[in-house]
6 protein chains.
Amino acid sequence: MHESMEKILEKAEVLIEALPYIQRFNRKIIVVKYGGSAMLDETLKSQVIQDVTLLKLVGFKPIIVHGGGKDISRWVELSGKTPEFIGGLRVTDSETMEIAEMVLNRVNKSLVSLVSELGVLSVGISGKDGELLHVDKKTLEGQDLGYVGEVKCVNPKILYDLLEKDFLPIVCPIGVDDNYDTYNINADDAACAIAEAVHAEKLAFLSDIEGVYRDPDDPETLISELTVSEAKELMASGYIGGGMLPKLNSCISAIENGVSRVHILDGRIAHCLLLEIFTNKGIGTAIISDEEPKYYN
Amino acid sequence: MHESMEKILEKAEVLIEALPYIQRFNRKIIVVKYGGSAMLDETLKSQVIQDVTLLKLVGFKPIIVHGGGKDISRWVELSGKTPEFIGGLRVTDSETMEIAEMVLNRVNKSLVSLVSELGVLSVGISGKDGELLHVDKKTLEGQDLGYVGEVKCVNPKILYDLLEKDFLPIVCPIGVDDNYDTYNINADDAACAIAEAVHAEKLAFLSDIEGVYRDPDDPETLISELTVSEAKELMASGYIGGGMLPKLNSCISAIENGVSRVHILDGRIAHCLLLEIFTNKGIGTAIISDEEPKYYN
Amino acid sequence: MHESMEKILEKAEVLIEALPYIQRFNRKIIVVKYGGSAMLDETLKSQVIQDVTLLKLVGFKPIIVHGGGKDISRWVELSGKTPEFIGGLRVTDSETMEIAEMVLNRVNKSLVSLVSELGVLSVGISGKDGELLHVDKKTLEGQDLGYVGEVKCVNPKILYDLLEKDFLPIVCPIGVDDNYDTYNINADDAACAIAEAVHAEKLAFLSDIEGVYRDPDDPETLISELTVSEAKELMASGYIGGGMLPKLNSCISAIENGVSRVHILDGRIAHCLLLEIFTNKGIGTAIISDEEPKYYN
Amino acid sequence: MHESMEKILEKAEVLIEALPYIQRFNRKIIVVKYGGSAMLDETLKSQVIQDVTLLKLVGFKPIIVHGGGKDISRWVELSGKTPEFIGGLRVTDSETMEIAEMVLNRVNKSLVSLVSELGVLSVGISGKDGELLHVDKKTLEGQDLGYVGEVKCVNPKILYDLLEKDFLPIVCPIGVDDNYDTYNINADDAACAIAEAVHAEKLAFLSDIEGVYRDPDDPETLISELTVSEAKELMASGYIGGGMLPKLNSCISAIENGVSRVHILDGRIAHCLLLEIFTNKGIGTAIISDEEPKYYN
Amino acid sequence: MHESMEKILEKAEVLIEALPYIQRFNRKIIVVKYGGSAMLDETLKSQVIQDVTLLKLVGFKPIIVHGGGKDISRWVELSGKTPEFIGGLRVTDSETMEIAEMVLNRVNKSLVSLVSELGVLSVGISGKDGELLHVDKKTLEGQDLGYVGEVKCVNPKILYDLLEKDFLPIVCPIGVDDNYDTYNINADDAACAIAEAVHAEKLAFLSDIEGVYRDPDDPETLISELTVSEAKELMASGYIGGGMLPKLNSCISAIENGVSRVHILDGRIAHCLLLEIFTNKGIGTAIISDEEPKYYN
Amino acid sequence: MHESMEKILEKAEVLIEALPYIQRFNRKIIVVKYGGSAMLDETLKSQVIQDVTLLKLVGFKPIIVHGGGKDISRWVELSGKTPEFIGGLRVTDSETMEIAEMVLNRVNKSLVSLVSELGVLSVGISGKDGELLHVDKKTLEGQDLGYVGEVKCVNPKILYDLLEKDFLPIVCPIGVDDNYDTYNINADDAACAIAEAVHAEKLAFLSDIEGVYRDPDDPETLISELTVSEAKELMASGYIGGGMLPKLNSCISAIENGVSRVHILDGRIAHCLLLEIFTNKGIGTAIISDEEPKYYN
């Protein structure tokens, strides 16, 4: 009614273009690590939720793993404490852990509602539900980080059950140790462990970087695809900066444990997830196994 | 890589726009009567197949019911006979029936292959398979039309079974009478009877007309939506031309037997099916029950 | 080894005594509203969790609905606000709602862990998950309570799915309105609405009262069993005090909507839930339909 | 009423005799290659259909694979072409392929109706449906045969699905190559490939020969049972005539790929299929693996 | 090999003749009351078992209900008592009941083994198993018959479960009263009650009579088919002898409670069951509802 | 009402104590060999049935295998024969076998009724049902024992089917040989073979001994737990008396074939089964694999 016929036909073409991608990932599990700016900016947040919901509706099985954004620090300060970090990890005493759990679960349920609004049923869980995530206490070069855990084992039953019942699972990265004490988990690590446990087809990190650069100082050297071997070489070369090292290690681990493709996407680009999946435009960097053929070159 | 970022973002928007439509028809059965130009023109044919395949992939349950195009007449002539019609219906002696069955089944299987090429498994059946369509011999004002049948009962088991097993059923309109003799069925009627039997959400006729006109001589009077009552009034008014009368009767019958919406679409428009379902652009005319609210006005 | 044989035989007798009760409630849903002292006292809390876990293990299908205890007020004060109540209901502005949601979800997950420790898998959800609880804004005699909702509809799919997959569902009473804004719900009301929606066999309120008294001033007049008619008479009589009135109304509503028995139990008594179900000792007051025979008299 | 009691008791004995055979093949898949005279003679055709239907009703899972009889040549001539053969294989240009597909599909559906008349639901498919049969272009000593394919792979999903849903599948030997072009397949080869793919218990060829002769010139030397080794020796001996060689090779391949018994039956004998299965009368020649014990000697 | 071809073809014809009967009763439940001579004569016994096993193998769902033959009296005498009957019913004191239960269960298990030998799995149960048969104490004109019960209710779960798991259930007519005391039940009555409870298509009594006669003194007046109305008239006419009256009442009750056809068969005729079902030879008398058309006339 | 609150709280504690045991054996199969005094004394019998029923209700999957008690000898004598034993095994001619089968099946069904009374559905079967137990004729040092069999193979389908359908299976130890002749089986052996075939978690022998003694003459030397190695040593030491040797061999065989724990319980102690499972009081002797840790020491 309101659009020109030409415009409308273009739309049909876009949908038709998506056909082979929809088909390729039909009923495949895709784990999306959701964090950074895409979580803080309301427009970006709304777009990420739209993207994941669309993936669900066209037959994919997405799982969201999210971080807590800036709210944890805000509440820690409100309670009269000073947020403390060692090596990028939050030092988490029991009061901080209480706040982190409160904030993460609230973020979790607010994501559930955003997905609901788009007509898809989801369930928000933490690593406590169905004993999804068991952790060991993490230490960093001998320093006590408090209630910071690293994933020891994943019990994916609750995820499989929710997917079977057609819910979209949304996971916040909290786990328990063998004494059932509560621990914070780095969201990247949690996403990685979950993707491995459910044999995800894809693991996508939405973060505030454009991807991996051959030379971090030269924006022209963004790498579209990187095999595991190349990634290891690159890390050995010394060119890869601090923050990127653990992320690349996570990517490599995921690939080596059965995930087919890992993507480092720039969460600051609107609909980066949809674009990565439904178009031939490379967004960010894909890590793939040495055996897989590259799409771009 | 090859498209501007802006272009790409537009694409994402189109996909996102489709979200509510995908959701609304998720797991709903849509019967598509496929015939006319959309069957003769290779580009249009390819687009219809793309449309239906996309519907399947994003979670709809389409069923195609098709006609035989012009091939039946070509082979009848080749066999030395003159095609004969009474009141628009082909007079079908046993030799013509043999040819019609051969041609329709071949068209049927060629559609199966086109769908296969797009990565969706389909199965081509006639009304004989699983005893889908039983007919009575049809007579037209006392004149013997030969092996022309009208649907007496539909046994939808085979359709439900194929849908459950995730195949796209493609049906050619041939049935048997109580003596298991073979009969030709008008494809519109077959589509209608099938849509009613499987309680389809939608029944869409792809035909060579733009839709229903309030005044057939005035192209400005195309009607977007028509309730059953309005349709009956219109037919009573005498404005509706000959060919349209039986089609409208079919539409009304379908609505009255539980189909939610019936669409008369202009099959000559590329991707008319997709446009009807995924955009707010009204293509052709929709017949709806008196209780349903109209979308357009 | 360490106990006398006599002692041990007594134990066997207790287990055998439980047999008919286990049989009667096999695979029946029991909704437990958990709040009050039983939530604050660590020993009582541990006993309630043991009770519910035992019910689960011997074949019942318990669902816990819990309140938030005193933590909400603590955090409201910490954030610099003064908790405010009208008619016993917390006035809930958006900041208070944020805190309530954080606290309730954390309590929720801590209950999940307590159940896990006893070897039963549970999942903690709020009314947002699977769109379990939809609310309307509640008003009290024209006064605006802010984000306080009353249950408008319950979508029990998520509960049925979790029970089918053998999880123990633990629900915190938060819901959304039609705009997907977050609302606090009175936990008694949420438990009641859920019990009705899943056709629970039993609904048990663990609270800080001994039960219903014929004469609130005379501890000898505790009523063991009350039919709906008797309850209505009692309320009409004017003897029932303020706090008890809405609770009794909830009980009556539950019975009238298909729940078989509603219990008001004294949560300050150790294992009150187990005692109610597995012994002939009446703990608190049971509300039953007029047709049901009484056990005690 | 109309028969003597003695006669009737004989009938009961025949049914009882069938008992062990019914039991042995209960729920086993039997692939029947149907062609030759048994397809041309109406009485024989009716008997074959009765036989297969009976097998279905008493618990077997038969699959029919059929040829096209003489109709293909008739229609090729009608269209003004001269049927051409090289080495027994029809040279198939695109027009001939079109005719073959039409004729085969019509034969296919007429068999479906015959089975229906006996009260069993069947579904007629070609190798296009559910992508059952993928082929490579076949060449014969360098000569181009046109659209003649040899089976490259079988996707048995559609067959398993139809059997599970209690239909009798009837297959016509048409397949597609990697470009989804249509190809004719030798029906013996198609039956063989299908029997292997579904791990059939039996594969029975109904053909116009009495079986395998030790000495083709001596009718007394018909062989009842032949192990694979014996068959290979026989072929090496040079006694086996031209037409029999490819058939024997098919039989050997089937046995070596997991089919338990292959039968070459004389389709000109009434109810040859039933007799082979339900009596101890050897009809034609059975090919068995070297390990299996012989029934006859 | 050993039979003439002609003989063999006759056999095929018999099997083909059975086709419509096999189809008509496919997956239908048939209750066979087995008793009298057919139980005492080893050849007849073996034939009955063959018949029932064949019915099972070709897709029917038979259930056998049997009596105890002469063994009960033999063991009663061995224990030093004199068998006593009132009105054809065994007076059953507790010792006699013990013997009856022992004998009936042994007969039950021996039938299980006979069926096993023919390759079909069966399970022998009494009315105690799965609480199949609950009884009230029966009195006959005020006389105490001891532990003789009449069926009060049937809990068919165990029968449906065994049929679902593909076993042939064999039932001996023993039940319990509300105190779980053991009672003997008339086998005809038990068969009747079971046939009604499982909505059997057929109930066949194998007994030592040829059927119902219009004039008991004239063997020419055997009635092939009798509607319920005709049966009632016949009983009113006074022509029907003593033993036949309760049997006819049972038949009428079965028809009126949903069993489609009841047959009184002469169990002394070899394979009477098979002949009744698979041929058009009427064996004995069929009782049908007034609405059903007769086969014979 | 009638008990002191203190008493009642003790009861709750007992139930809570059972929690970890209920959890550990949830949905595990437990085979109970039931015989000896526990079968003769009505009180003990009632307690055993209560115990097994409770196990069923709280989620275990018990299977009872029972002997025939003293009734067989009583009936053998009544029939005028003298019971004869060789090496503890009853010499079983065909008449004795007939009696044994009668008696065992009656005992079997009386147990079924006892379980029914407690509200659990059970089914009584012998080794003939579903061809559960196939035997070879047993010989003892060359002496013919008649119809005494040893288990050759177990077909557990009927047990799995009954458990799936929520029945409690009760088995009497009768089997058939390859000619389908009936054989008596030692109940301990039958229980053992069944426990192995269904991969039972536990096998418990209720017998008239207190357990295994290190020194049979010193009641202080009762052994609580015995690994397979220790049991073998003990048997090699010569201390183990005659009757215990075959029982210990059965226990060892069961452990070596996958049963986790075998218990020799003193059936003369009330509720010995419940006590063994739900308390930390060791009743009798447990045989465990060498790898398993001991509970008691």
# chains A, B, ... in the order shown; residues from 1 in each chain; ligands from 1
$ interface_residues --of "chain A" --to "chain C" --cutoff "9 Å" --atoms "only C-alpha atoms" --output "PDB file with C-alpha atoms, in the first residue's frame"
ATOM      1  CA  TRP A  75      25.546  -1.584  42.967  1.00  0.00           C
ATOM      2  CA  LEU A  78      26.117   1.834  46.235  1.00  0.00           C
ATOM      3  CA  SER A  79      26.750  -0.739  48.932  1.00  0.00           C
ATOM      4  CA  GLU A  98      25.645 -11.436  46.180  1.00  0.00           C
ATOM      5  CA  ILE A  99      25.369  -8.201  44.193  1.00  0.00           C
ATOM      6  CA  GLU A 101      24.150 -12.589  41.302  1.00  0.00           C
ATOM      7  CA  MET A 102      21.313 -10.145  41.853  1.00  0.00           C
ATOM      8  CA  VAL A 103      22.297  -7.961  38.947  1.00  0.00           C
ATOM      9  CA  LEU A 104      23.022 -10.778  36.521  1.00  0.00           C
ATOM     10  CA  ASN A 105      19.735 -12.498  37.221  1.00  0.00           C
ATOM     11  CA  ARG A 106      17.825  -9.294  36.755  1.00  0.00           C
ATOM     12  CA  VAL A 107      19.558  -8.610  33.443  1.00  0.00           C
ATOM     13  CA  LYS A 109      15.058 -11.835  33.154  1.00  0.00           C
ATOM     14  CA  SER A 110      14.915  -8.497  31.359  1.00  0.00           C
ATOM     15  CA  VAL A 112      13.651 -12.900  28.675  1.00  0.00           C
ATOM     16  CA  SER A 113      10.975 -10.209  28.528  1.00  0.00           C
ATOM     17  CA  LEU A 114      12.472  -8.564  25.459  1.00  0.00           C
ATOM     18  CA  SER A 116       8.788 -12.476  24.851  1.00  0.00           C
ATOM     19  CA  GLU A 117       7.709  -9.170  23.386  1.00  0.00           C
ATOM     20  CA  VAL A 120       9.079 -16.173  21.309  1.00  0.00           C
ATOM     21  CA  LEU A 121       9.033 -17.951  24.655  1.00  0.00           C
ATOM     22  CA  SER A 122      12.343 -18.004  26.478  1.00  0.00           C
ATOM     23  CA  VAL A 123      13.590 -19.126  29.875  1.00  0.00           C
ATOM     24  CA  GLY A 124      16.311 -17.372  31.818  1.00  0.00           C
ATOM     25  CA  ILE A 125      18.609 -19.595  33.802  1.00  0.00           C
ATOM     26  CA  SER A 126      21.885 -19.363  35.611  1.00  0.00           C
ATOM     27  CA  LYS A 128      22.705 -23.168  39.102  1.00  0.00           C
ATOM     28  CA  ASP A 129      19.562 -24.305  37.324  1.00  0.00           C
ATOM     29  CA  GLY A 130      19.638 -27.970  36.497  1.00  0.00           C
ATOM     30  CA  GLU A 131      23.230 -27.791  37.803  1.00  0.00           C
ATOM     31  CA  ILE A 158      18.437 -28.322  31.031  1.00  0.00           C
ATOM     32  CA  ASP A 161      15.196 -29.913  27.503  1.00  0.00           C
ATOM     33  CA  LEU A 162      14.394 -26.237  26.974  1.00  0.00           C
ATOM     34  CA  LYS A 165      10.283 -27.705  24.384  1.00  0.00           C
ATOM     35  CA  PHE A 167      12.129 -22.246  24.456  1.00  0.00           C
ATOM     36  CA  VAL A 176      28.511 -23.503  41.922  1.00  0.00           C
ATOM     37  CA  ASN A 179      30.161 -27.173  48.131  1.00  0.00           C
ATOM     38  CA  TYR A 180      27.383 -25.436  46.222  1.00  0.00           C
ATOM     39  CA  ASP A 181      28.917 -22.031  46.928  1.00  0.00           C
ATOM     40  CA  THR A 182      28.106 -19.425  44.293  1.00  0.00           C
TER      41      THR A 182
END
$ select_by_dssp --residues "range 167-287 of chain F" --states "strand (DSSP E)" --output "compact mmCIF listing (two decimals) with N, CA and C atoms, in the first residue's frame"
# COMPACT_ATOMS: atom_id res chain seq x y z
N LEU F 168 4.37 -54.21 39.07
CA LEU F 168 5.40 -54.88 39.84
C LEU F 168 5.38 -56.35 39.40
N PRO F 169 6.43 -56.83 38.75
CA PRO F 169 6.44 -58.22 38.27
C PRO F 169 6.76 -59.19 39.41
N ILE F 170 5.99 -60.27 39.48
CA ILE F 170 6.24 -61.33 40.46
C ILE F 170 6.43 -62.63 39.68
N VAL F 171 7.59 -63.26 39.86
CA VAL F 171 7.97 -64.36 38.98
C VAL F 171 8.07 -65.67 39.76
N CYS F 172 7.44 -66.75 39.25
CA CYS F 172 7.70 -68.06 39.86
C CYS F 172 8.64 -68.85 38.95
N ILE F 174 9.63 -71.29 37.04
CA ILE F 174 9.35 -72.42 36.16
C ILE F 174 9.78 -72.01 34.78
N GLY F 175 10.36 -72.94 34.03
CA GLY F 175 10.80 -72.61 32.68
C GLY F 175 10.49 -73.73 31.72
N VAL F 176 10.86 -73.54 30.48
CA VAL F 176 10.67 -74.59 29.47
C VAL F 176 12.00 -74.91 28.80
N THR F 182 7.92 -78.53 30.60
CA THR F 182 7.96 -77.69 31.79
C THR F 182 9.02 -78.18 32.77
N TYR F 183 9.78 -77.26 33.35
CA TYR F 183 10.82 -77.61 34.31
C TYR F 183 10.75 -76.72 35.54
N ASN F 184 11.07 -77.31 36.66
CA ASN F 184 11.22 -76.61 37.91
C ASN F 184 12.62 -75.97 37.94
N ILE F 185 12.77 -74.79 38.49
CA ILE F 185 14.09 -74.17 38.59
C ILE F 185 14.30 -73.76 40.04
N LYS F 202 20.52 -54.18 42.56
CA LYS F 202 20.63 -55.00 43.76
C LYS F 202 19.92 -56.32 43.53
N LEU F 203 20.45 -57.35 44.18
CA LEU F 203 19.76 -58.63 44.25
C LEU F 203 19.75 -58.99 45.72
N ALA F 204 18.56 -59.19 46.30
CA ALA F 204 18.48 -59.50 47.73
C ALA F 204 17.86 -60.86 47.94
N PHE F 205 18.58 -61.74 48.65
CA PHE F 205 18.03 -63.05 49.00
C PHE F 205 17.43 -62.98 50.40
N LEU F 206 16.13 -63.17 50.53
CA LEU F 206 15.53 -63.30 51.86
C LEU F 206 15.56 -64.77 52.23
N SER F 207 16.40 -65.12 53.22
CA SER F 207 16.48 -66.55 53.55
C SER F 207 16.54 -66.75 55.06
N GLU F 225 30.22 -57.13 54.96
CA GLU F 225 30.50 -56.92 53.54
C GLU F 225 31.63 -57.81 53.10
N LEU F 226 31.48 -58.32 51.91
CA LEU F 226 32.43 -59.31 51.41
C LEU F 226 32.68 -58.98 49.95
N THR F 227 33.94 -58.76 49.59
CA THR F 227 34.20 -58.57 48.17
C THR F 227 34.23 -59.95 47.52
N ARG F 261 25.22 -54.95 43.78
CA ARG F 261 25.33 -55.47 45.15
C ARG F 261 24.38 -56.63 45.31
N VAL F 262 24.85 -57.67 46.00
CA VAL F 262 23.98 -58.80 46.32
C VAL F 262 23.91 -58.90 47.84
N HIS F 263 22.70 -59.08 48.35
CA HIS F 263 22.53 -59.15 49.80
C HIS F 263 21.96 -60.50 50.22
N ILE F 264 22.58 -61.08 51.24
CA ILE F 264 21.99 -62.24 51.89
C ILE F 264 21.37 -61.72 53.19
N LEU F 265 20.02 -61.65 53.20
CA LEU F 265 19.33 -61.04 54.33
C LEU F 265 18.63 -62.11 55.15
N ASP F 266 18.48 -61.84 56.45
CA ASP F 266 17.77 -62.76 57.32
C ASP F 266 16.27 -62.44 57.25
N THR F 285 24.64 -60.12 55.08
CA THR F 285 25.92 -59.96 54.41
C THR F 285 25.70 -59.41 52.99
N ALA F 286 26.53 -58.42 52.66
CA ALA F 286 26.48 -57.90 51.29
C ALA F 286 27.70 -58.39 50.52
N ILE F 287 27.48 -58.86 49.30
CA ILE F 287 28.61 -59.24 48.43
C ILE F 287 28.78 -58.13 47.41
$ atom_distance --atom1 "CA of Thr279 in chain D" --atom2 "CA of Leu118 in chain E"
17.3 Å
$ atom_distance --atom1 "CA of Gly68 in chain F" --atom2 "CA of Ala193 in chain F"
18.1 Å
$ atom_distance --atom1 "CA of Ile252 in chain C" --atom2 "CA of Ala12 in chain F"
29.1 Å
$ residues_around --residues "range 81-83 of chain B" --least-positions-apart "2" --cutoff "12 Å" --atoms "only C-alpha atoms" --output "number ranges by chain"
B: 70-79, 85-86, 88-93, 95-97, 99-100
$ residues_around --residues "Leu15 in chain A" --least-positions-apart "5" --cutoff "9 Å" --atoms "only C-alpha atoms" --output "ChimeraX atom specification"
/A:10 /B:11,14-15,18,51,54,274
$ write_last_selection --atoms "C-alpha atoms" --output "compact mmCIF listing (two decimals), in the first residue's frame"
# COMPACT_ATOMS: atom_id res chain seq x y z
CA GLU A 10 13.64 -5.83 -3.54
CA LYS B 11 18.70 -6.19 4.09
CA VAL B 14 13.83 -6.55 5.65
CA LEU B 15 14.50 -9.77 7.50
CA ALA B 18 9.38 -10.44 8.33
CA ASP B 51 8.64 -18.62 -2.23
CA LEU B 54 11.18 -20.32 1.93
CA LEU B 274 6.01 -13.90 -0.39
$ residues_around --residues "Ser229 in chain C" --least-positions-apart "5" --cutoff "10 Å" --atoms "only C-alpha atoms" --output "list in words"
Leu234, Met235, Ile252, Ile287, Ile288, Ser289 and Asp290 of chain C
$ write_last_selection --atoms "N, CA, C and O atoms" --output "mmCIF file, in the first residue's frame"
data_model
loop_
_atom_site.group_PDB
_atom_site.id
_atom_site.type_symbol
_atom_site.label_atom_id
_atom_site.label_comp_id
_atom_site.auth_asym_id
_atom_site.auth_seq_id
_atom_site.Cartn_x
_atom_site.Cartn_y
_atom_site.Cartn_z
ATOM 1 N N LEU C 234 -17.550 -17.971 58.588
ATOM 2 C CA LEU C 234 -16.606 -17.457 59.560
ATOM 3 C C LEU C 234 -16.195 -16.025 59.210
ATOM 4 O O LEU C 234 -16.127 -15.142 60.079
ATOM 5 N N MET C 235 -15.930 -15.815 57.933
ATOM 6 C CA MET C 235 -15.533 -14.478 57.511
ATOM 7 C C MET C 235 -16.685 -13.508 57.714
ATOM 8 O O MET C 235 -16.493 -12.364 58.128
ATOM 9 N N ILE C 252 -10.272 -20.052 49.403
ATOM 10 C CA ILE C 252 -11.601 -20.363 48.864
ATOM 11 C C ILE C 252 -11.570 -20.341 47.346
ATOM 12 O O ILE C 252 -12.084 -21.238 46.673
ATOM 13 N N ILE C 287 -8.445 -26.185 54.212
ATOM 14 C CA ILE C 287 -9.692 -25.714 53.608
ATOM 15 C C ILE C 287 -10.061 -26.726 52.536
ATOM 16 O O ILE C 287 -9.216 -27.078 51.696
ATOM 17 N N ILE C 288 -11.281 -27.205 52.564
ATOM 18 C CA ILE C 288 -11.701 -28.214 51.598
ATOM 19 C C ILE C 288 -13.060 -27.826 51.026
ATOM 20 O O ILE C 288 -13.748 -26.953 51.534
ATOM 21 N N SER C 289 -13.430 -28.486 49.971
ATOM 22 C CA SER C 289 -14.729 -28.187 49.370
ATOM 23 C C SER C 289 -15.825 -28.771 50.249
ATOM 24 O O SER C 289 -15.584 -29.667 51.058
ATOM 25 N N ASP C 290 -17.032 -28.267 50.062
ATOM 26 C CA ASP C 290 -18.145 -28.728 50.890
ATOM 27 C C ASP C 290 -18.424 -30.208 50.700
ATOM 28 O O ASP C 290 -18.945 -30.870 51.596
#
